[in-house]
Structure formats: structure tokens, C-alpha cells
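my_file-v2.txt (compact mmCIF, C-alpha atoms)
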```
# COMPACT_ATOMS: atom_id res chain seq x y z
CA MET A 979 12.70 11.74 -3.23
CA ALA A 980 10.79 9.04 -1.40
CA LEU A 981 11.68 8.30 2.21
CA GLN A 982 14.66 6.00 2.25
CA PRO A 983 15.47 2.80 4.16
CA GLY A 984 16.73 3.53 7.64
CA THR A 985 14.08 6.21 8.17
CA GLN A 986 11.35 5.79 10.77
CA ALA A 987 8.03 5.57 8.95
CA PRO A 988 5.64 8.41 9.75
CA ASP A 989 2.67 7.05 11.67
CA PHE A 990 -0.76 7.62 10.17
CA THR A 991 -4.42 6.83 10.62
CA LEU A 992 -6.60 6.59 7.50
CA GLN A 993 -10.04 5.33 6.59
CA SER A 994 -10.21 2.32 4.32
CA HIS A 995 -12.92 0.10 2.86
CA LEU A 996 -12.31 -2.16 5.89
CA GLY A 997 -12.50 0.68 8.42
CA GLU A 998 -9.80 2.65 10.17
CA VAL A 999 -6.19 1.62 9.66
CA LYS A 1000 -3.37 2.88 11.88
CA LEU A 1001 0.21 2.01 11.06
CA SER A 1002 1.44 1.85 14.65
CA ASP A 1003 -1.28 -0.72 15.46
CA LEU A 1004 0.70 -3.11 13.26
CA ARG A 1005 3.94 -3.03 15.28
CA GLY A 1006 5.48 -6.48 15.40
CA LYS A 1007 4.40 -7.16 11.83
CA THR A 1008 6.09 -6.33 8.58
CA VAL A 1009 3.95 -3.87 6.63
CA VAL A 1010 3.94 -3.33 2.89
CA ILE A 1011 2.55 0.09 2.03
CA GLY A 1012 1.64 0.50 -1.62
CA PHE A 1013 0.81 3.97 -2.92
CA HIS A 1014 -1.00 4.18 -6.23
CA PRO A 1015 -1.77 7.25 -8.36
CA ALA A 1016 -5.51 6.85 -8.82
CA SER A 1017 -8.04 4.09 -8.74
CA PHE A 1018 -9.18 2.41 -11.93
CA THR A 1019 -5.72 2.77 -13.45
CA GLY A 1020 -4.59 -0.81 -13.18
CA GLY A 1021 -1.80 -2.24 -11.11
CA MET B 1463 -2.85 -4.42 -6.43
CA ARG B 1464 -4.28 -7.53 -8.08
CA GLY B 1465 -0.91 -9.18 -7.57
CA PHE B 1466 -1.01 -8.33 -3.88
CA ARG B 1467 -4.45 -9.88 -3.60
CA ALA B 1468 -3.44 -13.02 -5.47
CA ASN B 1469 -0.40 -13.45 -3.22
CA TYR B 1470 -1.96 -12.25 0.02
CA ASP B 1471 -1.58 -15.64 1.73
CA LYS B 1472 2.15 -15.60 0.97
CA PHE B 1473 2.48 -12.17 2.60
CA GLN B 1474 0.49 -13.37 5.59
CA ALA B 1475 2.76 -16.40 5.92
CA LEU B 1476 5.63 -13.94 6.43
CA ASN B 1477 3.71 -12.07 9.18
CA THR B 1478 3.18 -9.23 6.74
CA GLU B 1479 0.21 -6.90 6.39
CA ILE B 1480 -0.56 -4.86 3.29
CA ILE B 1481 -1.97 -1.33 3.15
CA GLU B 1482 -2.86 0.24 -0.18
CA ILE B 1483 -3.14 4.03 -0.23
CA SER B 1484 -4.24 6.55 -2.81
CA CYS B 1485 -5.49 10.12 -2.66
CA ASN B 1486 -8.94 9.20 -3.93
CA ALA B 1487 -11.97 9.93 -1.79
CA LEU B 1488 -13.14 6.97 0.25
CA PRO B 1489 -16.33 6.36 -1.81
CA VAL B 1490 -14.14 6.10 -4.92
CA GLN B 1491 -11.89 3.62 -3.15
CA LYS B 1492 -14.92 1.57 -2.15
CA ALA B 1493 -16.26 1.59 -5.69
CA TRP B 1494 -12.89 0.49 -6.97
CA VAL B 1495 -12.66 -2.35 -4.48
CA ALA B 1496 -16.20 -3.41 -5.41
CA SER B 1497 -15.26 -3.37 -9.10
CA MET B 1498 -12.53 -5.89 -8.39
CA GLY B 1499 -15.25 -8.49 -8.23
CA ASP B 1500 -16.45 -7.60 -11.70
CA ASP B 1501 -13.33 -8.44 -13.63
CA ASP B 1502 -12.76 -11.69 -15.45
CA SER B 1503 -9.86 -12.86 -13.32
CA GLY B 1504 -12.02 -15.48 -11.71
CA GLU B 1505 -10.85 -14.34 -8.28
CA GLU B 1506 -13.01 -13.39 -5.37
CA GLY B 1507 -13.96 -9.75 -5.47
CA GLN B 1508 -13.25 -8.88 -1.88
CA VAL B 1509 -9.86 -7.27 -1.26
CA PRO B 1510 -8.69 -8.71 2.07
CA PHE B 1511 -6.35 -5.86 3.05
CA PRO B 1512 -7.22 -2.20 3.65
CA VAL B 1513 -7.42 0.10 0.63
CA ALA B 1514 -7.09 3.46 2.35
CA SER B 1515 -8.01 6.97 1.31
CA ASP B 1516 -5.52 9.82 1.81
CA PHE B 1517 -8.00 12.33 0.51
CA TRP B 1518 -8.23 14.96 3.22
CA PRO B 1519 -6.11 16.77 4.21
CA HIS B 1520 -5.31 15.94 0.63
CA GLY B 1521 -2.29 13.65 0.32
CA GLU B 1522 -1.09 14.31 3.85
CA VAL B 1523 0.28 10.79 4.38
CA THR B 1524 1.52 10.57 0.80
CA LYS B 1525 3.46 13.81 1.33
CA ALA B 1526 4.86 12.50 4.63
CA PHE B 1527 6.36 9.58 2.69
CA ASP B 1528 7.53 12.06 0.05
CA VAL B 1529 5.77 10.36 -2.86
CA PHE B 1530 3.20 13.06 -3.70
CA ASN B 1531 3.10 14.04 -7.37
CA ASP B 1532 2.61 17.82 -7.36
CA GLU B 1533 1.73 17.93 -11.05
CA ARG B 1534 -0.96 15.27 -10.91
CA GLY B 1535 -2.18 15.81 -7.38
CA GLY B 1536 -1.93 12.18 -6.40
CA ALA B 1537 0.53 9.59 -5.20
CA LYS B 1538 3.46 8.31 -7.18
CA ARG B 1539 3.26 4.56 -7.61
CA SER B 1540 5.58 3.35 -4.88
CA VAL B 1541 6.10 0.70 -2.23
CA PHE B 1542 7.61 0.83 1.24
CA ILE B 1543 8.46 -2.19 3.37
CA ILE B 1544 8.33 -1.36 7.07
CA ASP B 1545 9.62 -3.67 9.77
CA GLY B 1546 8.00 -4.55 13.07
CA GLU B 1547 9.67 -1.59 14.75
CA GLY B 1548 8.22 0.91 12.29
CA MET B 1549 11.48 1.39 10.38
CA ILE B 1550 11.49 1.66 6.59
CA ARG B 1551 13.67 -1.16 5.31
CA TRP B 1552 13.05 -0.95 1.56
CA SER B 1553 11.39 1.50 -0.79
CA ASN B 1554 10.91 1.95 -4.50
CA VAL B 1555 9.14 4.39 -6.81
CA TYR B 1556 7.80 2.84 -10.02
CA THR B 1557 7.82 5.00 -13.12
CA ASP B 1558 7.18 2.51 -15.90
CA SER B 1559 6.28 -0.72 -14.13
CA ILE B 1560 4.10 -1.96 -11.31
CA PRO B 1561 5.17 -3.60 -8.06
CA ALA B 1562 5.94 -7.31 -8.37
CA SER B 1563 4.82 -9.43 -5.43
CA GLY B 1564 7.66 -11.89 -5.97
CA GLU B 1565 10.28 -9.20 -5.57
CA LEU B 1566 8.61 -7.83 -2.44
CA LEU B 1567 8.27 -11.28 -0.88
CA HIS B 1568 11.95 -11.84 -1.53
CA GLU B 1569 12.85 -8.56 0.19
CA ILE B 1570 10.64 -9.43 3.17
CA GLU B 1571 12.25 -12.84 3.49
CA LYS B 1572 15.62 -11.12 3.73
CA LEU B 1573 14.37 -9.11 6.73
CA THR B 1574 13.08 -12.14 8.58
CA PRO B 1575 15.67 -13.43 11.02
```
Take the structure from the file and write it as C-alpha cells.
Amino acid sequence: MALQPGTQAPDFTLQSHLGEVKLSDLRGKTVVIGFHPASFTGG
Amino acid sequence: MRGFRANYDKFQALNTEIIEISCNALPVQKAWVASMGDDDSGEEGQVPFPVASDFWPHGEVTKAFDVFNDERGGAKRSVFIIDGEGMIRWSNVYTDSIPASGELLHEIEKLTP
């Protein structure tokens, strides 16, 4: 069961093709997080 | 993913950032992003938002959001909308479709005072 609305999002720091990304650095903005199963699978 | 890129300016207009995450290793992510420029969509190849790797510890962030697929070892296709306070305001797991930017933009508009 995915985390539901009303839950505080877990903070994270990950490496991306644009460098490090940290969720809590984006406070004040709306953030859309899209998880996808594997690359090269469309979508 | 391609839909997010095509509509990125609309997300930005709503003060919204996008983060894509999968459990692929970072070099695979980079290759995938690079391949976006090779398709025939006619769009620019560069993906303007971060495509992040949740590879090691494997799927740690994906598991924290509870969308890890234990059988396949990767993320379930899913989207979370998080407000400026870090609160999840909307989420969906996609089993037989892909996220539609129009629907997400509509949900974000509803959050905006």
C-alpha cells in the first residue's frame, strides 16, 4: 500500500543525471515524485 | 515521463518541481535520459528535471514510499504530489496505465490557494 495523502513524505537525498536531489531542499514548492519500474520501458 | 517533459513549463507555472525515481543504477539512468534525444518525438533530448537513481541501498526511498515491487525488485509505477510543507496530498499507483500530466496538473491546481 503506497503512502497515503495526509502522510508526511519521507525525506531523501538521491543522485540524478542533474546531480544531487534532496526533497527537503524543495520546501515551499509543490513536488511531483514519479516512480517508474525500470528505464527503457516507456512512460 | 515524456508527458512530464512535454508539460514541464505548465508544472513550473504552478511552482511545481518534478523528480523521477527508479531503482536503476545511475549510469543506466543517464543512458536513458540521453536516449530521450534519439527518439522521433522532435523534442529536445535534455530532460529538465532530475531523473534519480534509488539503486543503493537498493530501493531504499522506494520502500520508504511503500511502492517497492518485491517480485520484480523495482518500483511500482506511481506518483505522489507533495505540498510545500512536505505533506503528501495525492498519490496513485498505476497498474495498467501511465501517469497523465493533465490529471496531475488538475490535482496541483486544487492544492493552490
From atom CA of Gly1012 of chain A to atom CA of Glu1533 of chain B the spacing works out at 19.8 Å
Write out as a ChimeraX atom specification each polymer residue whose atoms come within 7 Å of Thr985 of chain A, counting all atoms listed in the file; drop sequence neighbours fewer than 4 positions from it. /A:981 /B:1549-1550
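For chain A, the residues no farther than 6 Å from chain B when using all atoms listed in the file are Ala980, Leu981, Pro983, Gly984, Thr985, Gln986, Ala987, Gln993, Ser994, His995, Leu996, Arg1005, Gly1006, Lys1007, Thr1008, Val1009, Val1010, Ile1011, Gly1012, Phe1013, His1014, Pro1015 and Gly1021 of chain A.
Put simply, atom CA of Gly1521 of chain B is 14.0 Å away from atom CA of Asp989 of chain A.
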